[in-house]
Amino acid sequence: MGFVFEKACAKINICLDITGRRSDGYHEIRSVMQCVTFGDDVSVETTFGDGIILECSDSSLPTDEKNLAFKAALRFFEHIGRSFGVKITIKKNIPDKAGLAGGSADAAAVLRALNELSGEALSDDELRVIAAEIGSDVIFCVSSDPSFVSGRGEIIEETAGLSDCLVLIAKGDDGMKTPEAYSILDDMYGDFSARGNAADICRDALYGGDISKIAEHAFNIFEEVIIPRRPAVGELKNMLSDFGSHLTLMSGSGSAVFGIFMKNERAAAERAVEALFAKGAFAVLTEPME
Ligand code: C5P
């Protein structure tokens, strides 16, 4: 019998650009992704049975193959060519449909836990192959280090991330399904050939560590779709800026936004959290995972 606990950390995109359309229906992205210490709690324990049991604290989420964590366990056992009974328990903290890779983080946590329980049956590269079958963000979530992410999400190069700061994540109810957001961008940008190397410039700014320079180059192409159509997202961004956030951006295809405060600005960040709660929004104050 074995038991493994894994933190499934939320990710934010400090920049996210699209530079092309692929023949497999996906898009070429260029992004700097970073995990924060806030996340879901995932535990995996072996059982005397031979199936996969998934229990999730959020009863609105599926507990079968439609849940990426369950799918991860299925794919893992297929790849190693044997299986054993497991019970996966997820305490969900990351909001759904937020652009924070909540489901992907859970799947990656399950892959890491099962690999440990199986006596490291697979190498990191093999885990990434399975991750790619589950979802584009799962590949980054397996390693969770600040990374420049390109291709469909499968090319991961470690890079400098944010450090010595606080990350305030906020989310209202408004959102849009990721494929719909991509499709609106297709209409706006065609083959995306006019997109430059803005994400590369943002990555370089991160090496400098100066938050005002990073903020100057941080951007998310999905804001062009979401903010005009979901004005509440822009309002949350404005709120964070009004409370003194140095860098305020939507994450992924939304609808969560995040704001960066310096460590000695905790009081301002906490006041922002209170104001967000008063508006009925989700809010959490966390830190970058370095
Ligand atoms: O890989 P994942 O299942 O998370 O992707 C969800 C959807 O987002 C895909 O079906 C696709 O429409 C879109 N997507 C994309 N290009 C990417 C990642 C996702 O078009 N690089």
# chains A, B, ... in the order shown; residues from 1 in each chain; ligands from 1
>>> select_by_dssp(residues="stretch 75-164 of chain A", states="helix (DSSP H, G or I)", output="PyMOL selection string")
chain A and resi 75-80+102-117+124-134+136-143
>>> residues_near_ligand(ligand="ligand 1", cutoff="12 Å", atoms="only C-alpha atoms and all ligand atoms", output="VMD selection string")
chain A and resid 16 to 31 66 to 68 97 99 to 105 107 131 to 141 149 to 155 176 to 186 222 252 to 253
>>> closest_residue(among="A:Asp210, A:Ala8, A:Met250, A:Val44", to="A:Glu116", atoms="only C-alpha atoms")
A:Val44
>>> closest_residue(among="A:Ser123, A:Ala215, A:Phe243, A:Ile90", to="A:Thr63", atoms="only C-alpha atoms")
A:Ile90
>>> atom_distance(atom1="atom CA of A:Thr46", atom2="atom CA of A:Gly85")
5.6 Å
>>> atom_distance(atom1="atom CA of A:Ser245", atom2="atom CA of A:Pro231")
19.2 Å
>>> residues_around(residues="A:Val257", least_positions_apart="5", cutoff="8 Å", atoms="only C-alpha atoms", output="PyMOL selection string")
chain A and resi 169-171+233+236-237+248-251
>>> closest_residue(among="A:Leu117, A:Val167, A:Cys56, A:Ile214", to="A:Met262", atoms="only C-alpha atoms")
A:Val167
>>> closest_residue(among="A:Lys91, A:Arg195, A:Lys279, A:Lys7", to="A:Arg112", atoms="only C-alpha atoms")
A:Lys7
>>> select_by_dssp(residues="stretch 174-265 of chain A", states="strand (DSSP E or B)", output="list in words")
Phe219, Asn220, Leu247, Thr248, Leu249, Met250, Val257, Phe258, Gly259, Ile260, Phe261 and Met262 of chain A
>>> write_last_selection(atoms="N, CA and C atoms", output="CSV table (one decimal), in the first residue's frame")
chain,number,residue,atom,x,y,z
A,219,PHE,N,1.7,40.7,-21.7
A,219,PHE,CA,0.4,40.9,-22.4
A,219,PHE,C,-0.2,39.5,-22.7
A,220,ASN,N,-1.4,39.5,-23.0
A,220,ASN,CA,-2.1,38.3,-23.3
A,220,ASN,C,-3.1,38.6,-24.5
A,247,LEU,N,1.5,45.0,-12.2
A,247,LEU,CA,1.3,44.3,-13.5
A,247,LEU,C,0.0,43.6,-13.3
A,248,THR,N,-0.9,43.9,-14.2
A,248,THR,CA,-2.3,43.4,-14.1
A,248,THR,C,-2.7,42.7,-15.4
A,249,LEU,N,-3.0,41.5,-15.4
A,249,LEU,CA,-3.2,40.7,-16.7
A,249,LEU,C,-4.2,39.6,-16.5
A,250,MET,N,-4.9,39.3,-17.6
A,250,MET,CA,-5.8,38.1,-17.6
A,250,MET,C,-4.9,36.9,-17.8
A,257,VAL,N,-8.0,37.0,-13.5
A,257,VAL,CA,-7.0,38.0,-13.8
A,257,VAL,C,-6.0,38.0,-12.6
A,258,PHE,N,-4.8,38.5,-12.7
A,258,PHE,CA,-3.9,38.5,-11.6
A,258,PHE,C,-3.2,39.9,-11.5
A,259,GLY,N,-2.8,40.2,-10.3
A,259,GLY,CA,-2.1,41.5,-10.1
A,259,GLY,C,-0.9,41.2,-9.3
A,260,ILE,N,0.2,41.9,-9.6
A,260,ILE,CA,1.5,41.7,-8.9
A,260,ILE,C,1.7,42.9,-7.9
A,261,PHE,N,2.0,42.5,-6.7
A,261,PHE,CA,2.3,43.5,-5.6
A,261,PHE,C,3.7,43.1,-5.1
A,262,MET,N,4.4,44.1,-4.6
A,262,MET,CA,5.7,43.8,-4.0
A,262,MET,C,5.4,43.2,-2.6
>>> residues_around(residues="A:Phe70", least_positions_apart="6", cutoff="12 Å", atoms="only C-alpha atoms", output="PyMOL selection string")
chain A and resi 42+44+51-56+61-64+76-77+86-90+103-104+106-111+114+134
